[in-house]
$ cat final25.cif   # mmCIF, N, CA and C atoms and all ligand atoms
data_structure
loop_
_atom_site.label_atom_id
_atom_site.label_comp_id
_atom_site.auth_asym_id
_atom_site.auth_seq_id
_atom_site.Cartn_x
_atom_site.Cartn_y
_atom_site.Cartn_z
N MET F 631 -13.48 -24.93 -1.21
CA MET F 631 -13.23 -24.33 -2.52
C MET F 631 -12.13 -23.26 -2.41
N PRO F 632 -11.13 -23.32 -3.25
CA PRO F 632 -10.05 -22.31 -3.15
C PRO F 632 -10.56 -20.92 -3.50
N THR F 633 -9.97 -19.93 -2.88
CA THR F 633 -10.36 -18.55 -3.14
C THR F 633 -9.79 -18.11 -4.48
N LYS F 634 -10.64 -17.46 -5.25
CA LYS F 634 -10.23 -16.98 -6.56
C LYS F 634 -9.26 -15.79 -6.46
N TYR F 635 -9.50 -14.95 -5.45
CA TYR F 635 -8.70 -13.74 -5.31
C TYR F 635 -7.66 -13.89 -4.21
N LYS F 636 -6.50 -13.38 -4.46
CA LYS F 636 -5.37 -13.58 -3.55
C LYS F 636 -5.17 -12.43 -2.56
N ALA F 637 -5.33 -11.20 -3.05
CA ALA F 637 -4.88 -10.08 -2.21
C ALA F 637 -5.42 -8.76 -2.70
N MET F 638 -5.26 -7.75 -1.85
CA MET F 638 -5.38 -6.38 -2.33
C MET F 638 -3.94 -5.90 -2.56
N VAL F 639 -3.75 -5.17 -3.64
CA VAL F 639 -2.45 -4.56 -3.92
C VAL F 639 -2.57 -3.07 -3.63
N LEU F 640 -1.64 -2.57 -2.86
CA LEU F 640 -1.58 -1.14 -2.53
C LEU F 640 -0.32 -0.57 -3.17
N SER F 641 -0.50 0.43 -4.03
CA SER F 641 0.67 1.04 -4.65
C SER F 641 0.50 2.55 -4.77
N CYS F 642 1.56 3.23 -5.21
CA CYS F 642 1.58 4.69 -5.30
C CYS F 642 0.99 5.16 -6.64
N ILE F 643 0.52 6.39 -6.66
CA ILE F 643 -0.06 6.96 -7.89
C ILE F 643 1.00 7.39 -8.91
N ASP F 644 2.27 7.36 -8.53
CA ASP F 644 3.34 7.87 -9.40
C ASP F 644 3.28 7.24 -10.80
N PRO F 645 3.14 8.09 -11.84
CA PRO F 645 3.00 7.57 -13.21
C PRO F 645 4.19 6.74 -13.68
N ARG F 646 5.36 6.97 -13.10
CA ARG F 646 6.56 6.21 -13.53
C ARG F 646 6.45 4.73 -13.21
N PHE F 647 5.56 4.38 -12.29
CA PHE F 647 5.55 2.99 -11.80
C PHE F 647 4.31 2.18 -12.18
N GLN F 648 3.35 2.80 -12.84
CA GLN F 648 2.11 2.07 -13.13
C GLN F 648 2.34 0.81 -13.97
N SER F 649 3.04 0.95 -15.09
CA SER F 649 3.24 -0.23 -15.94
C SER F 649 4.20 -1.21 -15.29
N LYS F 650 5.17 -0.69 -14.51
CA LYS F 650 6.11 -1.60 -13.82
C LYS F 650 5.37 -2.47 -12.81
N VAL F 651 4.48 -1.87 -12.05
CA VAL F 651 3.71 -2.61 -11.05
C VAL F 651 2.82 -3.64 -11.75
N PHE F 652 2.13 -3.19 -12.81
CA PHE F 652 1.24 -4.07 -13.56
C PHE F 652 2.02 -5.28 -14.13
N ASN F 653 3.17 -5.02 -14.74
CA ASN F 653 3.97 -6.11 -15.31
C ASN F 653 4.51 -7.04 -14.23
N PHE F 654 4.92 -6.46 -13.11
CA PHE F 654 5.42 -7.26 -11.99
C PHE F 654 4.33 -8.22 -11.49
N LEU F 655 3.11 -7.71 -11.34
CA LEU F 655 2.02 -8.55 -10.84
C LEU F 655 1.67 -9.65 -11.85
N ASN F 656 1.73 -9.32 -13.13
CA ASN F 656 1.49 -10.33 -14.16
C ASN F 656 2.54 -11.44 -14.11
N LYS F 657 3.79 -11.03 -13.94
CA LYS F 657 4.89 -12.00 -13.85
C LYS F 657 4.73 -12.92 -12.66
N LYS F 658 4.12 -12.39 -11.60
CA LYS F 658 3.90 -13.18 -10.38
C LYS F 658 2.63 -14.03 -10.49
N ASN F 659 2.06 -14.07 -11.70
CA ASN F 659 0.86 -14.88 -11.94
C ASN F 659 -0.37 -14.37 -11.17
N LEU F 660 -0.46 -13.07 -11.01
CA LEU F 660 -1.55 -12.51 -10.22
C LEU F 660 -2.60 -11.81 -11.08
N LYS F 661 -2.48 -11.91 -12.37
CA LYS F 661 -3.44 -11.26 -13.28
C LYS F 661 -4.87 -11.68 -12.93
N GLY F 662 -5.74 -10.69 -12.66
CA GLY F 662 -7.13 -10.98 -12.34
C GLY F 662 -7.37 -11.55 -10.96
N LYS F 663 -6.33 -11.56 -10.13
CA LYS F 663 -6.47 -12.19 -8.81
C LYS F 663 -6.33 -11.22 -7.65
N TYR F 664 -6.36 -9.92 -7.96
CA TYR F 664 -6.19 -8.95 -6.88
C TYR F 664 -7.11 -7.75 -7.08
N SER F 665 -7.48 -7.14 -5.95
CA SER F 665 -8.11 -5.83 -6.01
C SER F 665 -6.97 -4.81 -5.89
N TYR F 666 -7.23 -3.59 -6.33
CA TYR F 666 -6.12 -2.65 -6.49
C TYR F 666 -6.47 -1.30 -5.88
N PHE F 667 -5.64 -0.83 -4.97
CA PHE F 667 -5.85 0.48 -4.36
C PHE F 667 -4.59 1.32 -4.60
N THR F 668 -4.77 2.43 -5.26
CA THR F 668 -3.64 3.29 -5.60
C THR F 668 -3.81 4.64 -4.92
N ILE F 669 -2.79 5.04 -4.17
CA ILE F 669 -2.84 6.31 -3.43
C ILE F 669 -1.41 6.83 -3.31
N ALA F 670 -1.26 8.14 -3.28
CA ALA F 670 0.08 8.72 -3.18
C ALA F 670 0.83 8.14 -1.99
N GLY F 671 2.01 7.60 -2.25
CA GLY F 671 2.86 7.07 -1.18
C GLY F 671 2.60 5.62 -0.81
N ALA F 672 1.57 5.01 -1.35
CA ALA F 672 1.20 3.63 -0.98
C ALA F 672 1.12 3.51 0.55
N ALA F 673 2.03 2.75 1.18
CA ALA F 673 1.97 2.58 2.64
C ALA F 673 2.11 3.90 3.39
N ILE F 674 2.85 4.83 2.81
CA ILE F 674 3.03 6.14 3.45
C ILE F 674 1.69 6.89 3.47
N GLY F 675 0.99 6.85 2.35
CA GLY F 675 -0.29 7.55 2.23
C GLY F 675 -1.36 7.05 3.19
N VAL F 676 -1.26 5.78 3.58
CA VAL F 676 -2.31 5.22 4.45
C VAL F 676 -1.88 5.14 5.92
N THR F 677 -0.66 5.64 6.23
CA THR F 677 -0.20 5.59 7.63
C THR F 677 0.33 6.92 8.17
N ALA F 678 0.89 7.76 7.32
CA ALA F 678 1.54 8.99 7.80
C ALA F 678 0.49 9.99 8.32
N PRO F 679 0.74 10.57 9.50
CA PRO F 679 -0.19 11.57 10.05
C PRO F 679 -0.46 12.71 9.08
N LYS F 680 0.51 13.03 8.25
CA LYS F 680 0.36 14.10 7.26
C LYS F 680 -0.84 13.84 6.31
N PHE F 681 -1.15 12.56 6.07
CA PHE F 681 -2.23 12.21 5.14
C PHE F 681 -3.42 11.58 5.87
N LYS F 682 -3.63 12.00 7.09
CA LYS F 682 -4.65 11.39 7.95
C LYS F 682 -6.04 11.28 7.31
N LYS F 683 -6.40 12.29 6.53
CA LYS F 683 -7.72 12.29 5.89
C LYS F 683 -7.91 11.13 4.92
N TRP F 684 -6.82 10.55 4.45
CA TRP F 684 -6.91 9.46 3.47
C TRP F 684 -7.06 8.08 4.12
N HIS F 685 -6.62 7.96 5.37
CA HIS F 685 -6.49 6.64 5.99
C HIS F 685 -7.79 5.84 6.00
N ASN F 686 -8.86 6.50 6.45
CA ASN F 686 -10.12 5.78 6.58
C ASN F 686 -10.64 5.24 5.25
N THR F 687 -10.45 6.00 4.21
CA THR F 687 -10.90 5.55 2.88
C THR F 687 -10.20 4.25 2.50
N PHE F 688 -8.91 4.19 2.77
CA PHE F 688 -8.17 2.96 2.48
C PHE F 688 -8.71 1.78 3.29
N TRP F 689 -8.86 1.98 4.61
CA TRP F 689 -9.30 0.86 5.47
C TRP F 689 -10.71 0.41 5.11
N GLU F 690 -11.57 1.34 4.74
CA GLU F 690 -12.92 0.96 4.32
C GLU F 690 -12.90 0.18 3.01
N ASN F 691 -12.03 0.58 2.10
CA ASN F 691 -11.90 -0.17 0.84
C ASN F 691 -11.32 -1.56 1.08
N LEU F 692 -10.35 -1.62 1.97
CA LEU F 692 -9.76 -2.92 2.30
C LEU F 692 -10.82 -3.83 2.93
N ASN F 693 -11.60 -3.27 3.85
CA ASN F 693 -12.69 -4.04 4.47
C ASN F 693 -13.64 -4.59 3.42
N THR F 694 -13.97 -3.75 2.47
CA THR F 694 -14.89 -4.16 1.41
C THR F 694 -14.28 -5.30 0.60
N SER F 695 -13.01 -5.19 0.27
CA SER F 695 -12.36 -6.25 -0.50
C SER F 695 -12.26 -7.55 0.30
N ILE F 696 -12.03 -7.43 1.59
CA ILE F 696 -12.00 -8.63 2.45
C ILE F 696 -13.37 -9.30 2.41
N LYS F 697 -14.43 -8.49 2.50
CA LYS F 697 -15.79 -9.04 2.52
C LYS F 697 -16.20 -9.63 1.17
N ILE F 698 -16.03 -8.88 0.11
CA ILE F 698 -16.58 -9.34 -1.17
C ILE F 698 -15.62 -10.18 -2.01
N HIS F 699 -14.32 -10.04 -1.76
CA HIS F 699 -13.35 -10.84 -2.54
C HIS F 699 -12.69 -11.93 -1.70
N ASN F 700 -13.00 -11.89 -0.40
CA ASN F 700 -12.44 -12.88 0.52
C ASN F 700 -10.91 -12.92 0.49
N ILE F 701 -10.29 -11.77 0.37
CA ILE F 701 -8.82 -11.73 0.35
C ILE F 701 -8.27 -11.85 1.76
N LYS F 702 -7.08 -12.39 1.87
CA LYS F 702 -6.43 -12.57 3.18
C LYS F 702 -5.10 -11.83 3.25
N LYS F 703 -4.67 -11.30 2.10
CA LYS F 703 -3.34 -10.69 2.05
C LYS F 703 -3.40 -9.28 1.49
N LEU F 704 -2.39 -8.51 1.85
CA LEU F 704 -2.22 -7.17 1.34
C LEU F 704 -0.79 -7.08 0.79
N PHE F 705 -0.66 -6.82 -0.50
CA PHE F 705 0.66 -6.63 -1.10
C PHE F 705 0.89 -5.13 -1.22
N VAL F 706 1.99 -4.67 -0.67
CA VAL F 706 2.27 -3.23 -0.64
C VAL F 706 3.52 -2.93 -1.46
N ILE F 707 3.36 -2.02 -2.41
CA ILE F 707 4.48 -1.68 -3.28
C ILE F 707 4.78 -0.18 -3.15
N ASN F 708 5.76 0.13 -2.33
CA ASN F 708 6.28 1.50 -2.25
C ASN F 708 7.42 1.61 -3.26
N HIS F 709 7.90 2.82 -3.48
CA HIS F 709 9.02 2.98 -4.42
C HIS F 709 9.93 4.12 -3.97
N ARG F 710 11.13 4.13 -4.52
CA ARG F 710 12.12 5.17 -4.22
C ARG F 710 11.76 6.47 -4.91
N ASP F 711 12.31 7.56 -4.39
CA ASP F 711 12.11 8.90 -4.96
C ASP F 711 10.61 9.24 -4.97
N CYS F 712 9.93 8.85 -3.89
CA CYS F 712 8.49 9.03 -3.81
C CYS F 712 8.14 10.44 -3.33
N GLY F 713 7.24 11.08 -4.06
CA GLY F 713 6.81 12.44 -3.72
C GLY F 713 6.14 12.51 -2.35
N ALA F 714 5.39 11.49 -1.98
CA ALA F 714 4.72 11.47 -0.68
C ALA F 714 5.76 11.37 0.44
N ALA F 715 6.81 10.62 0.21
CA ALA F 715 7.91 10.53 1.19
C ALA F 715 8.57 11.90 1.35
N LYS F 716 8.71 12.62 0.25
CA LYS F 716 9.29 13.97 0.30
C LYS F 716 8.41 14.90 1.13
N ILE F 717 7.10 14.79 0.99
CA ILE F 717 6.18 15.63 1.75
C ILE F 717 6.29 15.30 3.25
N VAL F 718 6.32 14.01 3.58
CA VAL F 718 6.44 13.59 4.97
C VAL F 718 7.79 14.02 5.55
N ASN F 719 8.82 13.98 4.73
CA ASN F 719 10.17 14.36 5.16
C ASN F 719 10.24 15.84 5.56
N GLY F 720 9.40 16.65 4.98
CA GLY F 720 9.34 18.08 5.34
C GLY F 720 10.57 18.85 4.90
N LYS F 721 11.07 19.68 5.80
CA LYS F 721 12.17 20.58 5.43
C LYS F 721 13.55 19.97 5.60
N LYS F 722 13.61 18.75 6.18
CA LYS F 722 14.90 18.07 6.33
C LYS F 722 15.45 17.72 4.95
N GLU F 723 16.76 17.49 4.89
CA GLU F 723 17.36 17.07 3.62
C GLU F 723 16.74 15.73 3.22
N PHE F 724 16.28 15.63 1.98
CA PHE F 724 15.69 14.37 1.51
C PHE F 724 16.79 13.51 0.92
N ASN F 725 17.30 12.59 1.73
CA ASN F 725 18.34 11.69 1.24
C ASN F 725 17.88 10.25 1.39
N ASN F 726 18.73 9.35 0.92
CA ASN F 726 18.40 7.93 0.91
C ASN F 726 18.04 7.41 2.30
N GLN F 727 18.82 7.83 3.28
CA GLN F 727 18.61 7.33 4.64
C GLN F 727 17.27 7.81 5.21
N ASN F 728 16.98 9.09 5.03
CA ASN F 728 15.70 9.62 5.54
C ASN F 728 14.51 8.97 4.82
N GLU F 729 14.66 8.77 3.53
CA GLU F 729 13.57 8.13 2.79
C GLU F 729 13.36 6.70 3.27
N THR F 730 14.45 5.99 3.49
CA THR F 730 14.35 4.60 3.98
C THR F 730 13.59 4.56 5.31
N LEU F 731 13.90 5.48 6.20
CA LEU F 731 13.22 5.51 7.50
C LEU F 731 11.71 5.75 7.34
N ILE F 732 11.36 6.61 6.41
CA ILE F 732 9.94 6.91 6.17
C ILE F 732 9.22 5.66 5.63
N HIS F 733 9.85 4.96 4.68
CA HIS F 733 9.25 3.73 4.14
C HIS F 733 9.13 2.67 5.23
N GLN F 734 10.22 2.48 5.99
CA GLN F 734 10.21 1.45 7.05
C GLN F 734 9.10 1.72 8.07
N SER F 735 8.99 2.97 8.47
CA SER F 735 7.97 3.33 9.45
C SER F 735 6.56 3.04 8.91
N SER F 736 6.34 3.36 7.64
CA SER F 736 5.02 3.14 7.05
C SER F 736 4.70 1.65 6.96
N PHE F 737 5.70 0.84 6.58
CA PHE F 737 5.48 -0.61 6.50
C PHE F 737 5.16 -1.20 7.87
N LYS F 738 5.90 -0.75 8.86
CA LYS F 738 5.72 -1.26 10.22
C LYS F 738 4.30 -0.95 10.74
N LYS F 739 3.89 0.30 10.56
CA LYS F 739 2.55 0.71 11.01
C LYS F 739 1.45 -0.05 10.27
N LEU F 740 1.63 -0.17 8.97
CA LEU F 740 0.62 -0.83 8.15
C LEU F 740 0.51 -2.32 8.48
N LYS F 741 1.64 -2.97 8.65
CA LYS F 741 1.67 -4.40 8.97
C LYS F 741 0.94 -4.66 10.30
N LYS F 742 1.24 -3.83 11.27
CA LYS F 742 0.63 -3.97 12.60
C LYS F 742 -0.90 -3.83 12.51
N LYS F 743 -1.35 -2.80 11.82
CA LYS F 743 -2.79 -2.54 11.73
C LYS F 743 -3.50 -3.61 10.89
N PHE F 744 -2.84 -4.04 9.82
CA PHE F 744 -3.44 -5.08 8.97
C PHE F 744 -3.58 -6.40 9.73
N LYS F 745 -2.55 -6.77 10.48
CA LYS F 745 -2.61 -8.01 11.27
C LYS F 745 -3.77 -7.98 12.25
N LYS F 746 -3.95 -6.82 12.87
CA LYS F 746 -5.05 -6.66 13.82
C LYS F 746 -6.40 -6.83 13.11
N LYS F 747 -6.51 -6.21 11.97
CA LYS F 747 -7.75 -6.24 11.19
C LYS F 747 -8.07 -7.65 10.69
N ILE F 748 -7.09 -8.32 10.13
CA ILE F 748 -7.33 -9.63 9.51
C ILE F 748 -7.62 -10.68 10.59
N SER F 749 -7.12 -10.48 11.80
CA SER F 749 -7.38 -11.43 12.87
C SER F 749 -8.85 -11.35 13.36
N LYS F 750 -9.49 -10.22 13.05
CA LYS F 750 -10.89 -10.04 13.45
C LYS F 750 -11.87 -10.64 12.45
N THR F 751 -11.39 -10.97 11.27
CA THR F 751 -12.31 -11.47 10.22
C THR F 751 -12.42 -12.99 10.25
ZN ZN F 801 5.22 7.64 -4.77
#
$ encode --input "final25.cif" --output "structure tokens"
Amino acid sequence: MPTKYKAMVLSCIDPRFQSKVFNFLNKKNLKGKYSYFTIAGAAIGVTAPKFKKWHNTFWENLNTSIKIHNIKKLFVINHRDCGAAKIVNGKKEFNNQNETLIHQSSFKKLKKKFKKKISKT
């Protein structure tokens, strides 16, 4: 029997992007087919040492969605001009290049940990 649910979606709490993310997921035919976890910075919030207290909550929620929704995928939607990226950036100049590095690092860490987790299920 095919799985009804496709993925967990991880996105940022930034109010500028809520309807954009929702519309994007609808356009991708994912309406009603995903669980949704929203946290400041999306991938940054669940990987950066600065937000360490948040990480476990995300992984426990993901575990729950894997168990009860039988999801196999995680869709991650970070965005530009992210406040969480600015916090991680610290006192350095916040420019496009530094922000890109922060996003890339968060995606890399998250992908690695997710692959490890999903291989155990
Ligand atoms: Zn953000």
$ atom_distance --input "final25.cif" --atom1 "CA of Ala673 in chain F" --atom2 "CA of Ser641 in chain F"
7.6 Å
$ residues_near_ligand --input "final25.cif" --ligand "ligand ZN 801 (chain F)" --cutoff "7 Å" --atoms "only N, CA and C atoms and all ligand atoms" --output "ChimeraX atom specification"
/F:641-644,669-672,708-715
$ atom_distance --input "final25.cif" --atom1 "atom N of Val706 in chain F" --atom2 "atom N of Gln734 in chain F"
12.8 Å
$ select_by_dssp --input "final25.cif" --residues "range 646-719 of chain F" --states "alpha helix (DSSP H)" --output "ChimeraX atom specification"
/F:648-657,682-699,713-719
$ residues_around --input "final25.cif" --residues "range 679-690 of chain F" --least-positions-apart "6" --cutoff "8 Å" --atoms "all atoms listed in the file" --output "ChimeraX atom specification"
/F:667,696,717-718
$ atom_distance --input "final25.cif" --atom1 "atom N of Glu723 in chain F" --atom2 "CA of Gly675 in chain F"
19.9 Å
$ closest_residue --input "final25.cif" --among "F:Leu640, F:Phe705, F:Lys743, F:Leu731" --to "Thr668 in chain F" --atoms "only C-alpha atoms"
F:Leu640
$ closest_residue --input "final25.cif" --among "F:Tyr664, F:Lys738, F:Thr730, F:Lys722" --to "Ile698 in chain F" --atoms "only C-alpha atoms"
F:Tyr664
$ select_by_dssp --input "final25.cif" --residues "chain F" --states "strand (DSSP E)" --output "VMD selection string"
chain F and resid 637 to 641 664 to 668 703 to 707
$ axis_aligned_box --input "final25.cif" --around "range 657-676 of chain F" --padding-each-side "8 Å" --output "lines of an AutoDock Vina configuration file"
center_x = -1.6
center_y = -3.1
center_z = -4.0
size_x = 29.0
size_y = 39.6
size_z = 35.9
$ residues_around --input "final25.cif" --residues "Lys634 in chain F" --least-positions-apart "4" --cutoff "7 Å" --atoms "all atoms listed in the file" --output "count of residues only"
4
$ closest_residue --input "final25.cif" --among "F:Tyr666, F:Glu729, F:Lys702, F:Ala637" --to "Ile748 in chain F" --atoms "all atoms listed in the file"
F:Lys702
$ closest_residue --input "final25.cif" --among "F:Met638, F:Lys658, F:Ile701, F:Ser736" --to "Val676 in chain F" --atoms "all atoms listed in the file"
F:Ser736
$ decode --input "final25.cif" --residues "range 680-697 of chain F" --atoms "N, CA and C atoms" --output "short mmCIF file (atom, residue, chain, number, x, y, z; two decimals), in the first residue's frame"
data_model
loop_
_atom_site.label_atom_id
_atom_site.label_comp_id
_atom_site.auth_asym_id
_atom_site.auth_seq_id
_atom_site.Cartn_x
_atom_site.Cartn_y
_atom_site.Cartn_z
N LYS F 680 24.89 27.25 18.40
CA LYS F 680 24.24 28.39 19.06
C LYS F 680 22.81 28.04 19.54
N PHE F 681 22.15 27.13 18.82
CA PHE F 681 20.76 26.77 19.15
C PHE F 681 20.66 25.34 19.68
N LYS F 682 21.69 24.89 20.34
CA LYS F 682 21.79 23.50 20.78
C LYS F 682 20.57 23.00 21.56
N LYS F 683 19.98 23.87 22.37
CA LYS F 683 18.82 23.48 23.17
C LYS F 683 17.63 23.07 22.31
N TRP F 684 17.59 23.51 21.07
CA TRP F 684 16.45 23.22 20.19
C TRP F 684 16.59 21.88 19.46
N HIS F 685 17.82 21.42 19.30
CA HIS F 685 18.08 20.28 18.40
C HIS F 685 17.28 19.03 18.75
N ASN F 686 17.32 18.67 20.04
CA ASN F 686 16.65 17.44 20.44
C ASN F 686 15.15 17.46 20.18
N THR F 687 14.54 18.60 20.39
CA THR F 687 13.10 18.72 20.14
C THR F 687 12.78 18.41 18.67
N PHE F 688 13.61 18.93 17.79
CA PHE F 688 13.40 18.64 16.37
C PHE F 688 13.54 17.15 16.07
N TRP F 689 14.64 16.54 16.56
CA TRP F 689 14.88 15.12 16.24
C TRP F 689 13.79 14.23 16.84
N GLU F 690 13.31 14.58 18.02
CA GLU F 690 12.22 13.80 18.62
C GLU F 690 10.93 13.94 17.82
N ASN F 691 10.67 15.14 17.33
CA ASN F 691 9.47 15.33 16.49
C ASN F 691 9.61 14.59 15.16
N LEU F 692 10.81 14.63 14.61
CA LEU F 692 11.04 13.91 13.36
C LEU F 692 10.84 12.40 13.57
N ASN F 693 11.40 11.90 14.67
CA ASN F 693 11.21 10.47 15.01
C ASN F 693 9.74 10.12 15.10
N THR F 694 8.99 10.98 15.73
CA THR F 694 7.56 10.74 15.89
C THR F 694 6.87 10.71 14.53
N SER F 695 7.23 11.63 13.66
CA SER F 695 6.61 11.66 12.34
C SER F 695 7.01 10.43 11.51
N ILE F 696 8.25 9.99 11.67
CA ILE F 696 8.69 8.77 10.97
C ILE F 696 7.84 7.59 11.45
N LYS F 697 7.62 7.52 12.77
CA LYS F 697 6.85 6.40 13.33
C LYS F 697 5.38 6.45 12.97
#
